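Coordinates as given in work-v2.cif (mmCIF, C-alpha atoms and all ligand atoms):
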data_my_file
#
loop_
_atom_site.group_PDB
_atom_site.id
_atom_site.type_symbol
_atom_site.label_atom_id
_atom_site.label_comp_id
_atom_site.auth_asym_id
_atom_site.auth_seq_id
_atom_site.Cartn_x
_atom_site.Cartn_y
_atom_site.Cartn_z
ATOM 1 C CA MET K 130 14.825 -22.593 22.754
ATOM 2 C CA ARG K 131 12.250 -20.966 25.024
ATOM 3 C CA THR K 132 8.805 -20.432 23.582
ATOM 4 C CA ASN K 133 7.261 -17.053 22.961
ATOM 5 C CA GLU K 134 4.764 -17.506 25.783
ATOM 6 C CA GLU K 135 7.422 -18.717 28.231
ATOM 7 C CA ILE K 136 9.412 -15.559 27.618
ATOM 8 C CA LEU K 137 6.424 -13.217 27.693
ATOM 9 C CA SER K 138 5.096 -14.673 30.921
ATOM 10 C CA SER K 139 8.393 -14.160 32.747
ATOM 11 C CA LEU K 140 9.658 -10.856 31.377
ATOM 12 C CA PRO K 141 11.987 -9.065 33.769
ATOM 13 C CA SER K 142 10.835 -5.522 34.587
ATOM 14 C CA ASP K 143 12.899 -2.406 34.134
ATOM 15 C CA SER K 144 12.206 1.301 33.952
ATOM 16 C CA ALA K 145 13.820 2.155 30.606
ATOM 17 C CA LEU K 146 10.487 3.459 29.259
ATOM 18 C CA ALA K 147 8.980 4.705 32.516
ATOM 19 C CA GLY K 148 6.858 7.807 32.046
ATOM 20 C CA ARG K 149 6.249 7.114 28.352
ATOM 21 C CA THR K 150 2.930 6.222 26.784
ATOM 22 C CA ALA K 151 2.630 3.839 23.851
ATOM 23 C CA LEU K 152 -0.105 3.134 21.326
ATOM 24 C CA VAL K 153 0.468 -0.296 19.772
ATOM 25 C CA THR K 154 -1.941 -1.118 16.971
ATOM 26 C CA GLY K 155 -2.916 -4.728 16.439
ATOM 27 C CA SER K 156 -1.849 -5.705 19.938
ATOM 28 C CA THR K 157 -4.643 -8.156 20.711
ATOM 29 C CA GLY K 158 -2.390 -10.997 19.535
ATOM 30 C CA GLY K 159 0.719 -12.020 17.647
ATOM 31 C CA ILE K 160 3.563 -9.572 17.216
ATOM 32 C CA GLY K 161 1.600 -6.602 18.538
ATOM 33 C CA GLU K 162 0.733 -8.387 21.781
ATOM 34 C CA ALA K 163 4.409 -9.194 22.339
ATOM 35 C CA VAL K 164 5.322 -5.565 21.651
ATOM 36 C CA ALA K 165 2.702 -4.327 24.119
ATOM 37 C CA ARG K 166 3.888 -6.727 26.820
ATOM 38 C CA VAL K 167 7.592 -6.007 26.303
ATOM 39 C CA LEU K 168 7.118 -2.216 26.283
ATOM 40 C CA ALA K 169 4.944 -2.452 29.395
ATOM 41 C CA ALA K 170 7.590 -4.556 31.142
ATOM 42 C CA SER K 171 10.018 -1.709 30.490
ATOM 43 C CA GLY K 172 7.668 0.733 32.195
ATOM 44 C CA ALA K 173 5.632 2.200 29.340
ATOM 45 C CA GLU K 174 1.902 2.750 29.803
ATOM 46 C CA VAL K 175 0.399 0.908 26.848
ATOM 47 C CA LEU K 176 -2.794 1.206 24.855
ATOM 48 C CA VAL K 177 -3.742 -2.264 23.577
ATOM 49 C CA SER K 178 -5.925 -2.212 20.474
ATOM 50 C CA GLY K 179 -7.503 -4.373 17.826
ATOM 51 C CA ARG K 180 -11.014 -5.296 16.765
ATOM 52 C CA ASP K 181 -11.537 -8.017 19.358
ATOM 53 C CA ALA K 182 -12.460 -6.593 22.765
ATOM 54 C CA GLY K 183 -12.047 -9.913 24.590
ATOM 55 C CA ARG K 184 -8.518 -10.487 23.354
ATOM 56 C CA ALA K 185 -7.623 -6.849 24.069
ATOM 57 C CA ARG K 186 -8.828 -7.311 27.643
ATOM 58 C CA GLY K 187 -6.781 -10.527 27.927
ATOM 59 C CA VAL K 188 -3.585 -8.723 26.937
ATOM 60 C CA VAL K 189 -4.311 -5.870 29.357
ATOM 61 C CA ASP K 190 -4.924 -8.408 32.126
ATOM 62 C CA ALA K 191 -1.617 -10.158 31.379
ATOM 63 C CA ILE K 192 0.207 -6.815 31.556
ATOM 64 C CA THR K 193 -1.446 -5.639 34.752
ATOM 65 C CA ALA K 194 -0.963 -9.057 36.388
ATOM 66 C CA SER K 195 2.774 -8.625 35.943
ATOM 67 C CA GLY K 196 2.768 -5.115 37.357
ATOM 68 C CA GLY K 197 2.495 -3.100 34.143
ATOM 69 C CA ARG K 198 0.056 -0.392 33.077
ATOM 70 C CA ALA K 199 -2.255 -0.873 30.101
ATOM 71 C CA HIS K 200 -5.656 0.063 28.706
ATOM 72 C CA ALA K 201 -7.796 -1.575 26.026
ATOM 73 C CA LEU K 202 -9.496 0.197 23.153
ATOM 74 C CA THR K 203 -11.076 -1.513 20.170
ATOM 75 C CA ALA K 204 -10.788 -0.149 16.653
ATOM 76 C CA ASP K 205 -11.111 -1.317 13.080
ATOM 77 C CA LEU K 206 -8.147 0.201 11.297
ATOM 78 C CA GLY K 207 -9.630 -0.791 7.968
ATOM 79 C CA ALA K 208 -12.286 1.851 8.619
ATOM 80 C CA ALA K 209 -12.536 5.289 7.028
ATOM 81 C CA PRO K 210 -9.863 7.840 7.988
ATOM 82 C CA GLY K 211 -12.299 9.858 10.097
ATOM 83 C CA GLU K 212 -12.962 6.855 12.322
ATOM 84 C CA ILE K 213 -9.245 6.245 12.731
ATOM 85 C CA ARG K 214 -8.709 9.865 13.747
ATOM 86 C CA ALA K 215 -11.476 9.475 16.332
ATOM 87 C CA PHE K 216 -9.770 6.303 17.593
ATOM 88 C CA ALA K 217 -6.439 8.142 17.886
ATOM 89 C CA GLU K 218 -8.089 10.890 19.934
ATOM 90 C CA ARG K 219 -9.645 8.315 22.255
ATOM 91 C CA ALA K 220 -6.340 6.487 22.537
ATOM 92 C CA GLN K 221 -4.541 9.693 23.442
ATOM 93 C CA GLU K 222 -7.204 10.468 26.046
ATOM 94 C CA ALA K 223 -6.904 6.975 27.559
ATOM 95 C CA LEU K 224 -3.149 7.526 27.807
ATOM 96 C CA GLY K 225 -3.557 10.724 29.791
ATOM 97 C CA GLY K 226 -3.428 13.155 26.859
ATOM 98 C CA ARG K 227 -0.164 12.118 25.190
ATOM 99 C CA VAL K 228 1.084 9.429 22.835
ATOM 100 C CA ASP K 229 4.870 9.290 23.088
ATOM 101 C CA LEU K 230 5.426 6.043 21.195
ATOM 102 C CA LEU K 231 3.372 4.854 18.233
ATOM 103 C CA VAL K 232 3.863 1.325 16.936
ATOM 104 C CA ASN K 233 2.074 0.786 13.636
ATOM 105 C CA ASN K 234 1.848 -2.983 13.786
ATOM 106 C CA ALA K 235 -1.717 -3.903 12.773
ATOM 107 C CA GLY K 236 -1.629 -5.470 9.359
ATOM 108 C CA VAL K 237 -3.379 -7.987 7.196
ATOM 109 C CA TYR K 238 -1.871 -10.342 4.678
ATOM 110 C CA PRO K 239 -4.711 -11.913 2.688
ATOM 111 C CA GLY K 240 -4.525 -12.904 -0.953
ATOM 112 C CA LEU K 241 -2.255 -15.232 -2.798
ATOM 113 C CA LEU K 242 -1.793 -15.283 -6.555
ATOM 114 C CA THR K 243 -2.466 -11.927 -8.169
ATOM 115 C CA PRO K 244 -5.461 -13.004 -10.304
ATOM 116 C CA SER K 245 -7.227 -14.403 -7.235
ATOM 117 C CA VAL K 246 -6.991 -11.305 -5.028
ATOM 118 C CA THR K 247 -10.509 -10.043 -4.388
ATOM 119 C CA ASP K 248 -11.640 -6.421 -4.349
ATOM 120 C CA GLU K 249 -12.249 -6.708 -0.604
ATOM 121 C CA GLU K 250 -8.718 -8.016 -0.033
ATOM 122 C CA MET K 251 -7.238 -5.188 -2.122
ATOM 123 C CA GLU K 252 -9.183 -2.637 -0.105
ATOM 124 C CA ALA K 253 -8.255 -4.205 3.261
ATOM 125 C CA LEU K 254 -4.555 -4.356 2.351
ATOM 126 C CA TRP K 255 -4.406 -0.709 1.379
ATOM 127 C CA ALA K 256 -6.635 0.547 4.189
ATOM 128 C CA THR K 257 -5.113 -1.387 7.082
ATOM 129 C CA ASN K 258 -1.457 -1.608 6.072
ATOM 130 C CA VAL K 259 -0.862 1.808 4.511
ATOM 131 C CA ARG K 260 -3.732 4.250 5.019
ATOM 132 C CA ALA K 261 -4.199 3.625 8.760
ATOM 133 C CA PRO K 262 -0.521 4.183 9.672
ATOM 134 C CA HIS K 263 -0.586 7.303 7.504
ATOM 135 C CA VAL K 264 -3.663 8.680 9.278
ATOM 136 C CA LEU K 265 -2.203 7.923 12.722
ATOM 137 C CA VAL K 266 1.161 9.483 11.940
ATOM 138 C CA ALA K 267 -0.466 12.513 10.312
ATOM 139 C CA LEU K 268 -2.391 13.151 13.524
ATOM 140 C CA LEU K 269 0.046 12.088 16.236
ATOM 141 C CA ALA K 270 3.534 12.864 14.902
ATOM 142 C CA PRO K 271 2.939 16.643 14.716
ATOM 143 C CA ARG K 272 1.878 16.534 18.385
ATOM 144 C CA MET K 273 5.063 14.649 19.249
ATOM 145 C CA ALA K 274 6.987 17.275 17.277
ATOM 146 C CA GLU K 275 5.316 20.070 19.255
ATOM 147 C CA ARG K 276 6.594 18.410 22.430
ATOM 148 C CA GLY K 277 9.986 17.905 20.786
ATOM 149 C CA ALA K 278 10.030 14.150 21.370
ATOM 150 C CA GLY K 279 8.399 10.974 20.167
ATOM 151 C CA VAL K 280 9.063 7.724 18.377
ATOM 152 C CA VAL K 281 7.215 5.900 15.627
ATOM 153 C CA VAL K 282 7.978 2.295 14.707
ATOM 154 C CA ASN K 283 6.374 0.781 11.627
ATOM 155 C CA VAL K 284 6.152 -2.978 11.245
ATOM 156 C CA GLY K 285 7.096 -3.941 7.702
ATOM 157 C CA SER K 286 7.992 -7.353 6.325
ATOM 158 C CA TRP K 287 10.899 -9.309 4.925
ATOM 159 C CA MET K 288 8.738 -9.659 1.805
ATOM 160 C CA ALA K 289 9.047 -5.943 1.026
ATOM 161 C CA ARG K 290 12.429 -6.395 -0.648
ATOM 162 C CA VAL K 291 12.200 -9.762 -2.371
ATOM 163 C CA GLY K 292 9.869 -11.060 -5.015
ATOM 164 C CA VAL K 293 7.968 -14.182 -4.038
ATOM 165 C CA PRO K 294 5.724 -16.011 -6.478
ATOM 166 C CA TYR K 295 2.748 -16.330 -4.141
ATOM 167 C CA LYS K 296 2.099 -12.778 -2.904
ATOM 168 C CA ALA K 297 2.487 -9.434 -4.664
ATOM 169 C CA LEU K 298 0.163 -6.807 -3.248
ATOM 170 C CA TYR K 299 0.878 -7.499 0.435
ATOM 171 C CA PRO K 300 4.659 -7.065 -0.022
ATOM 172 C CA ALA K 301 3.928 -3.915 -2.014
ATOM 173 C CA THR K 302 2.033 -2.455 0.957
ATOM 174 C CA LYS K 303 5.010 -3.270 3.177
ATOM 175 C CA ALA K 304 7.407 -1.667 0.691
ATOM 176 C CA ALA K 305 5.195 1.419 0.954
ATOM 177 C CA VAL K 306 5.525 1.252 4.742
ATOM 178 C CA GLU K 307 9.325 1.099 4.445
ATOM 179 C CA GLN K 308 9.344 4.160 2.217
ATOM 180 C CA LEU K 309 6.976 5.999 4.557
ATOM 181 C CA THR K 310 9.432 5.186 7.348
ATOM 182 C CA ARG K 311 12.254 6.908 5.489
ATOM 183 C CA ALA K 312 10.091 9.872 4.462
ATOM 184 C CA TRP K 313 8.644 10.393 7.941
ATOM 185 C CA ALA K 314 12.121 10.220 9.468
ATOM 186 C CA ALA K 315 13.055 13.126 7.213
ATOM 187 C CA GLU K 316 9.803 15.012 7.771
ATOM 188 C CA PHE K 317 9.567 14.738 11.558
ATOM 189 C CA GLY K 318 13.113 13.844 12.637
ATOM 190 C CA PRO K 319 14.439 17.403 12.758
ATOM 191 C CA ARG K 320 11.690 18.179 15.302
ATOM 192 C CA GLY K 321 12.625 15.356 17.662
ATOM 193 C CA VAL K 322 10.473 12.522 16.334
ATOM 194 C CA ARG K 323 12.394 9.417 15.343
ATOM 195 C CA VAL K 324 10.778 7.078 12.826
ATOM 196 C CA ASN K 325 12.049 3.564 12.155
ATOM 197 C CA GLY K 326 10.782 0.166 11.132
ATOM 198 C CA VAL K 327 11.152 -3.502 11.912
ATOM 199 C CA ALA K 328 10.853 -6.094 9.154
ATOM 200 C CA PRO K 329 9.797 -9.423 10.669
ATOM 201 C CA GLY K 330 10.592 -12.674 8.951
ATOM 202 C CA ALA K 331 8.230 -15.629 8.913
ATOM 203 C CA THR K 332 6.843 -15.362 12.436
ATOM 204 C CA ALA K 333 4.669 -17.835 14.303
ATOM 205 C CA THR K 334 1.492 -15.942 15.217
ATOM 206 C CA ARG K 335 -2.234 -16.520 15.261
ATOM 207 C CA GLY K 336 -2.337 -15.031 11.781
ATOM 208 C CA THR K 337 0.141 -17.551 10.377
ATOM 209 C CA ALA K 338 -0.968 -20.542 12.483
ATOM 210 C CA GLY K 339 -2.838 -22.045 9.530
ATOM 211 C CA ASN K 340 0.399 -22.060 7.516
ATOM 212 C CA ALA K 341 2.692 -23.646 10.100
ATOM 213 C CA ASP K 342 4.097 -26.141 7.584
ATOM 214 C CA GLN K 343 4.872 -23.382 5.109
ATOM 215 C CA LEU K 344 6.539 -21.334 7.854
ATOM 216 C CA ALA K 345 8.680 -24.311 8.860
ATOM 217 C CA ALA K 346 9.680 -24.942 5.247
ATOM 218 C CA MET K 347 10.527 -21.271 4.637
ATOM 219 C CA THR K 348 12.692 -20.960 7.720
ATOM 220 C CA LYS K 349 14.411 -24.338 7.589
ATOM 221 C CA ALA K 350 17.071 -23.033 5.230
ATOM 222 C CA THR K 351 17.816 -19.865 7.204
ATOM 223 C CA PRO K 352 20.575 -19.357 9.753
ATOM 224 C CA ALA K 353 17.944 -19.414 12.514
ATOM 225 C CA GLY K 354 16.358 -22.560 11.106
ATOM 226 C CA VAL K 355 12.980 -21.941 12.745
ATOM 227 C CA PRO K 356 10.245 -19.293 12.601
ATOM 228 C CA VAL K 357 10.743 -16.009 14.404
ATOM 229 C CA ARG K 358 8.965 -15.630 17.758
ATOM 230 C CA PRO K 359 6.817 -12.500 18.215
ATOM 231 C CA VAL K 360 8.899 -11.530 21.246
ATOM 232 C CA ASP K 361 11.998 -11.294 19.023
ATOM 233 C CA ILE K 362 10.271 -8.543 17.054
ATOM 234 C CA ALA K 363 9.186 -6.903 20.297
ATOM 235 C CA TYR K 364 12.776 -6.717 21.576
ATOM 236 C CA ALA K 365 13.739 -4.867 18.381
ATOM 237 C CA VAL K 366 10.845 -2.449 18.824
ATOM 238 C CA ARG K 367 11.883 -1.852 22.430
ATOM 239 C CA TYR K 368 15.383 -0.989 21.253
ATOM 240 C CA LEU K 369 14.121 1.356 18.544
ATOM 241 C CA VAL K 370 11.843 3.299 20.910
ATOM 242 C CA SER K 371 14.551 3.544 23.560
ATOM 243 C CA ASP K 372 17.012 6.397 23.986
ATOM 244 C CA GLU K 373 19.748 3.928 23.057
ATOM 245 C CA ALA K 374 18.511 4.228 19.463
ATOM 246 C CA ALA K 375 18.774 8.030 19.476
ATOM 247 C CA PHE K 376 20.827 8.028 16.274
ATOM 248 C CA VAL K 377 18.767 5.421 14.437
ATOM 249 C CA GLN K 378 16.524 7.285 12.030
ATOM 250 C CA GLY K 379 14.692 6.100 8.916
ATOM 251 C CA ALA K 380 16.037 2.556 9.274
ATOM 252 C CA THR K 381 14.200 -0.722 8.935
ATOM 253 C CA LEU K 382 15.712 -3.455 11.053
ATOM 254 C CA ASP K 383 15.412 -7.006 9.727
ATOM 255 C CA VAL K 384 14.430 -9.466 12.450
ATOM 256 C CA ASP K 385 13.948 -12.486 10.282
ATOM 257 C CA GLY K 386 16.478 -15.134 11.282
ATOM 258 C CA GLY K 387 18.457 -14.273 8.156
ATOM 259 C CA LEU K 388 15.622 -15.054 5.768
ATOM 260 C CA ALA K 389 16.040 -12.004 3.538
ATOM 261 C CA ALA K 390 19.818 -11.638 3.699
ATOM 262 C CA THR K 391 21.162 -15.151 3.259
ATOM 263 C CA ARG K 392 21.104 -18.223 1.054
ATOM 264 C CA LEU K 393 22.406 -21.375 2.692
ATOM 265 C CA ARG K 394 22.307 -23.435 -0.455
HETATM 266 N N1 LIG K 401 3.569 -13.227 11.092
HETATM 267 C C1 LIG K 401 4.449 -13.030 10.118
HETATM 268 O O1 LIG K 401 5.062 -13.993 9.571
HETATM 269 C C2 LIG K 401 4.764 -11.643 9.653
HETATM 270 C C3 LIG K 401 5.871 -11.467 8.815
HETATM 271 C C4 LIG K 401 6.195 -10.196 8.376
HETATM 272 C C5 LIG K 401 5.423 -9.109 8.779
HETATM 273 N N2 LIG K 401 4.336 -9.314 9.593
HETATM 274 C C6 LIG K 401 3.553 -8.140 9.965
HETATM 275 O O2 LIG K 401 3.494 -8.050 11.381
HETATM 276 C C7 LIG K 401 2.274 -7.455 11.774
HETATM 277 C C8 LIG K 401 1.585 -8.356 12.772
HETATM 278 O O3 LIG K 401 1.399 -9.637 12.181
HETATM 279 P P1 LIG K 401 0.889 -10.897 13.013
HETATM 280 O O4 LIG K 401 1.355 -12.099 12.303
HETATM 281 O O5 LIG K 401 1.166 -10.692 14.447
HETATM 282 O O6 LIG K 401 -0.678 -10.776 12.756
HETATM 283 P P2 LIG K 401 -1.892 -11.489 13.487
HETATM 284 O O7 LIG K 401 -1.467 -12.612 14.357
HETATM 285 O O8 LIG K 401 -2.888 -11.753 12.404
HETATM 286 O O9 LIG K 401 -2.419 -10.301 14.391
HETATM 287 C C9 LIG K 401 -2.802 -9.123 13.739
HETATM 288 C C10 LIG K 401 -3.119 -8.070 14.753
HETATM 289 O O10 LIG K 401 -3.595 -6.941 14.030
HETATM 290 C C11 LIG K 401 -4.932 -6.684 14.401
HETATM 291 N N3 LIG K 401 -5.708 -6.282 13.238
HETATM 292 C C12 LIG K 401 -5.824 -6.919 12.053
HETATM 293 N N4 LIG K 401 -6.666 -6.248 11.263
HETATM 294 C C13 LIG K 401 -7.081 -5.175 11.968
HETATM 295 C C14 LIG K 401 -7.970 -4.113 11.699
HETATM 296 N N5 LIG K 401 -8.630 -4.003 10.540
HETATM 297 N N6 LIG K 401 -8.179 -3.186 12.652
HETATM 298 C C15 LIG K 401 -7.552 -3.262 13.844
HETATM 299 N N7 LIG K 401 -6.697 -4.250 14.160
HETATM 300 C C16 LIG K 401 -6.472 -5.189 13.227
HETATM 301 C C17 LIG K 401 -5.448 -7.969 15.028
HETATM 302 O O11 LIG K 401 -6.410 -7.678 15.996
HETATM 303 P P3 LIG K 401 -7.951 -8.154 15.929
HETATM 304 O O12 LIG K 401 -7.978 -9.519 15.357
HETATM 305 O O13 LIG K 401 -8.379 -8.050 17.371
HETATM 306 O O14 LIG K 401 -8.594 -7.124 15.067
HETATM 307 C C18 LIG K 401 -4.202 -8.512 15.690
HETATM 308 O O15 LIG K 401 -4.020 -7.906 16.943
HETATM 309 C C19 LIG K 401 1.490 -7.215 10.494
HETATM 310 O O16 LIG K 401 1.677 -5.901 10.071
HETATM 311 C C20 LIG K 401 2.118 -8.187 9.512
HETATM 312 O O17 LIG K 401 1.958 -7.785 8.180
HETATM 313 C C21 LIG K 401 3.995 -10.547 10.038
#
Translate the structure described by the file into structure tokens.
Ligand SMILES: NC(=O)c1ccc[n+]([C@@H]2O[C@H](COP(=O)([O-])OP(=O)(O)OC[C@H]3O[C@@H](n4cnc5c(N)ncnc54)[C@H](OP(=O)(O)O)[C@@H]3O)[C@@H](O)[C@H]2O)c1
Amino acid sequence: MRTNEEILSSLPSDSALAGRTALVTGSTGGIGEAVARVLAASGAEVLVSGRDAGRARGVVDAITASGGRAHALTADLGAAPGEIRAFAERAQEALGGRVDLLVNNAGVYPGLLTPSVTDEEMEALWATNVRAPHVLVALLAPRMAERGAGVVVNVGSWMARVGVPYKALYPATKAAVEQLTRAWAAEFGPRGVRVNGVAPGATATRGTAGNADQLAAMTKATPAGVPVRPVDIAYAVRYLVSDEAAFVQGATLDVDGGLAATRLR
């Protein structure tokens, strides 16, 4: 099986998303980076964001080196709503005055057993995973609706629909994201804005690198048998933002190697 980096560094180009602009949050690494690179390879002009300016620049360089268009803009999405609105305005400006595609990917997954979750972790989970997407959609989706077109994709998690004994609040934030996906599809869909989600399974990223053994153990008994690659999530996002998904509204697509849906033993 080809590695994530092998695939990302040799993506074929096409023009399926030519003329569209995309804001991908949390695209300085992991799943978001793959989404940014895949959307750019399909012709979208992409705004790469995260807190780390160096990594953002690296992703922009990778995109431009392969002929794509991208800009970097740093932001802390755990910040107060006013700062996130200011970031969205700057992002829109960097993209020439229009955000056509919004991918709410940035997310944090700290905290293990419920009694050990700190106040800071609780705050970060709520602020980054739920409040920030809400602020971005509240600002940008009405503008998409005014233009009569736009797509939002929210990145959820396989954990949103199963109980696991080692994390409770993080899956709850992702369950909130799934419900927001359905609600926003109803709220903005009639005005031309499609809203959907992708629920990744255990995916090998920088964020999960410290838990590689756990990832391997979790995925061993799935049909896929190995962790998801970030690019697999990115392909699903590319489908959902494309015109081919015109009748997909309010859905969350599992891209988890069968983790949530199956039991092999
Ligand atoms: N990996 C998995 O197994 C898995 C499974 C299910 C769902 N997910 C979800 O998929 C998404 C991406 O996960 P990942 O594994 O790719 O994560 P990751 O490797 O930790 O990368 C997270 C990305 O989000 C950005 N980010 C984190 N906190 C931020 C903040 N406060 N402000 C702005 N940007 C922030 C990071 O950028 P900076 O470091 O530059 O700030 C980075 O680009 C998350 O929503 C996660 O919950 C992941």
- Task: Could you report the residues within 7 Å of ligand LIG 401 (chain K), using only C-alpha atoms and all ligand atoms, as JSON, numbers by chain?
- Result: {"K": [154, 155, 156, 157, 158, 159, 160, 161, 162, 178, 179, 180, 181, 182, 184, 185, 204, 205, 206, 207, 234, 235, 236, 237, 238, 257, 258, 284, 285, 286, 287, 328, 329, 330, 331, 332, 333, 334, 335, 336, 337]}
Those same residues, written as a PDB file, in the coordinates of the input with C-alpha atoms?
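After the write, part13.pdb holds the following:
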ATOM      1  CA  THR K 154      -1.941  -1.118  16.971  1.00  0.00           C
ATOM      2  CA  GLY K 155      -2.916  -4.728  16.439  1.00  0.00           C
ATOM      3  CA  SER K 156      -1.849  -5.705  19.938  1.00  0.00           C
ATOM      4  CA  THR K 157      -4.643  -8.156  20.711  1.00  0.00           C
ATOM      5  CA  GLY K 158      -2.390 -10.997  19.535  1.00  0.00           C
ATOM      6  CA  GLY K 159       0.719 -12.020  17.647  1.00  0.00           C
ATOM      7  CA  ILE K 160       3.563  -9.572  17.216  1.00  0.00           C
ATOM      8  CA  GLY K 161       1.600  -6.602  18.538  1.00  0.00           C
ATOM      9  CA  GLU K 162       0.733  -8.387  21.781  1.00  0.00           C
ATOM     10  CA  SER K 178      -5.925  -2.212  20.474  1.00  0.00           C
ATOM     11  CA  GLY K 179      -7.503  -4.373  17.826  1.00  0.00           C
ATOM     12  CA  ARG K 180     -11.014  -5.296  16.765  1.00  0.00           C
ATOM     13  CA  ASP K 181     -11.537  -8.017  19.358  1.00  0.00           C
ATOM     14  CA  ALA K 182     -12.460  -6.593  22.765  1.00  0.00           C
ATOM     15  CA  ARG K 184      -8.518 -10.487  23.354  1.00  0.00           C
ATOM     16  CA  ALA K 185      -7.623  -6.849  24.069  1.00  0.00           C
ATOM     17  CA  ALA K 204     -10.788  -0.149  16.653  1.00  0.00           C
ATOM     18  CA  ASP K 205     -11.111  -1.317  13.080  1.00  0.00           C
ATOM     19  CA  LEU K 206      -8.147   0.201  11.297  1.00  0.00           C
ATOM     20  CA  GLY K 207      -9.630  -0.791   7.968  1.00  0.00           C
ATOM     21  CA  ASN K 234       1.848  -2.983  13.786  1.00  0.00           C
ATOM     22  CA  ALA K 235      -1.717  -3.903  12.773  1.00  0.00           C
ATOM     23  CA  GLY K 236      -1.629  -5.470   9.359  1.00  0.00           C
ATOM     24  CA  VAL K 237      -3.379  -7.987   7.196  1.00  0.00           C
ATOM     25  CA  TYR K 238      -1.871 -10.342   4.678  1.00  0.00           C
ATOM     26  CA  THR K 257      -5.113  -1.387   7.082  1.00  0.00           C
ATOM     27  CA  ASN K 258      -1.457  -1.608   6.072  1.00  0.00           C
ATOM     28  CA  VAL K 284       6.152  -2.978  11.245  1.00  0.00           C
ATOM     29  CA  GLY K 285       7.096  -3.941   7.702  1.00  0.00           C
ATOM     30  CA  SER K 286       7.992  -7.353   6.325  1.00  0.00           C
ATOM     31  CA  TRP K 287      10.899  -9.309   4.925  1.00  0.00           C
ATOM     32  CA  ALA K 328      10.853  -6.094   9.154  1.00  0.00           C
ATOM     33  CA  PRO K 329       9.797  -9.423  10.669  1.00  0.00           C
ATOM     34  CA  GLY K 330      10.592 -12.674   8.951  1.00  0.00           C
ATOM     35  CA  ALA K 331       8.230 -15.629   8.913  1.00  0.00           C
ATOM     36  CA  THR K 332       6.843 -15.362  12.436  1.00  0.00           C
ATOM     37  CA  ALA K 333       4.669 -17.835  14.303  1.00  0.00           C
ATOM     38  CA  THR K 334       1.492 -15.942  15.217  1.00  0.00           C
ATOM     39  CA  ARG K 335      -2.234 -16.520  15.261  1.00  0.00           C
ATOM     40  CA  GLY K 336      -2.337 -15.031  11.781  1.00  0.00           C
ATOM     41  CA  THR K 337       0.141 -17.551  10.377  1.00  0.00           C
TER      42      THR K 337
END
- Message: For a test of reading the model, state the distance in Å between CA of Val282 in chain K and CA of Ala191 in chain K, rounded to one decimal.
- Response: 22.9 Å
- Can you list, as a list in words, every protein, DNA or RNA residue that comes within 10 Å of range 290-298 of chain K when you count only C-alpha atoms, leaving out same-chain residues fewer than 6 positions away?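 Selected residues are Tyr238, Pro239, Gly240, Leu241, Leu242, Thr243, Val246, Glu250, Met251, Leu254, Trp255, Ala304, Glu307, Ala328, Ala389 and Ala390 of chain K.
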Find the residues with any atom within 12 Å of (-5.6, 12.1, 22.4); use all atoms listed in the file and the coordinates as given in the file, and write the answer as a CSV table (one decimal) with C-alpha atoms, keeping the file's coordinate frame.
chain,number,residue,atom,x,y,z
K,150,THR,CA,2.9,6.2,26.8
K,151,ALA,CA,2.6,3.8,23.9
K,152,LEU,CA,-0.1,3.1,21.3
K,176,LEU,CA,-2.8,1.2,24.9
K,213,ILE,CA,-9.2,6.2,12.7
K,214,ARG,CA,-8.7,9.9,13.7
K,215,ALA,CA,-11.5,9.5,16.3
K,216,PHE,CA,-9.8,6.3,17.6
K,217,ALA,CA,-6.4,8.1,17.9
K,218,GLU,CA,-8.1,10.9,19.9
K,219,ARG,CA,-9.6,8.3,22.3
K,220,ALA,CA,-6.3,6.5,22.5
K,221,GLN,CA,-4.5,9.7,23.4
K,222,GLU,CA,-7.2,10.5,26.0
K,223,ALA,CA,-6.9,7.0,27.6
K,224,LEU,CA,-3.1,7.5,27.8
K,225,GLY,CA,-3.6,10.7,29.8
K,226,GLY,CA,-3.4,13.2,26.9
K,227,ARG,CA,-0.2,12.1,25.2
K,228,VAL,CA,1.1,9.4,22.8
K,229,ASP,CA,4.9,9.3,23.1
K,265,LEU,CA,-2.2,7.9,12.7
K,268,LEU,CA,-2.4,13.2,13.5
K,269,LEU,CA,0.0,12.1,16.2
K,270,ALA,CA,3.5,12.9,14.9
K,272,ARG,CA,1.9,16.5,18.4
K,273,MET,CA,5.1,14.6,19.2
- Of the candidates K:Gly196, K:Gly386, K:Pro319, K:Pro210, which one gets nearest to Gly354 in chain K if we count all atoms listed in the file? K:Gly386
- For the structure shown, which residues end up in the PyMOL selection byres (((chain K and resi 361-368) around 9) and not hetatm)? Put them as number ranges by chain, please? K: 133, 146, 160-168, 171, 232, 282, 284, 326-329, 332, 357-360, 369-374, 382, 384-385
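Residue nearest Lys303 in chain K, chosen from K:Arg394, K:Val153, K:Ala289, K:Gly148 and counting all atoms listed in the file: K:Ala289.
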- Message: One number please: CA of Pro262 in chain K to CA of Gly183 in chain K, in Å, one decimal.
- Response: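 Between CA of Pro262 in chain K and CA of Gly183 in chain K the gap is 23.5 Å.
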- Query: Interatomic distance between CA of Leu344 in chain K and CA of Met130 in chain K?
  - Reply: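 Pair CA of Leu344 in chain K / CA of Met130 in chain K returns 17.1 Å.
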- Message: So, with all atoms listed in the file as the atoms that count, which of K:Ala256, K:Ala274, K:Ala338, K:Ala267 lies closest to Ala209 in chain K?
- Response: K:Ala256
- Task: Would you mind telling me which residue in K:Glu134, K:Asp190, K:Glu316, K:Asp143 lies nearest to Pro271 in chain K when using all atoms listed in the file?
- Result: K:Glu316
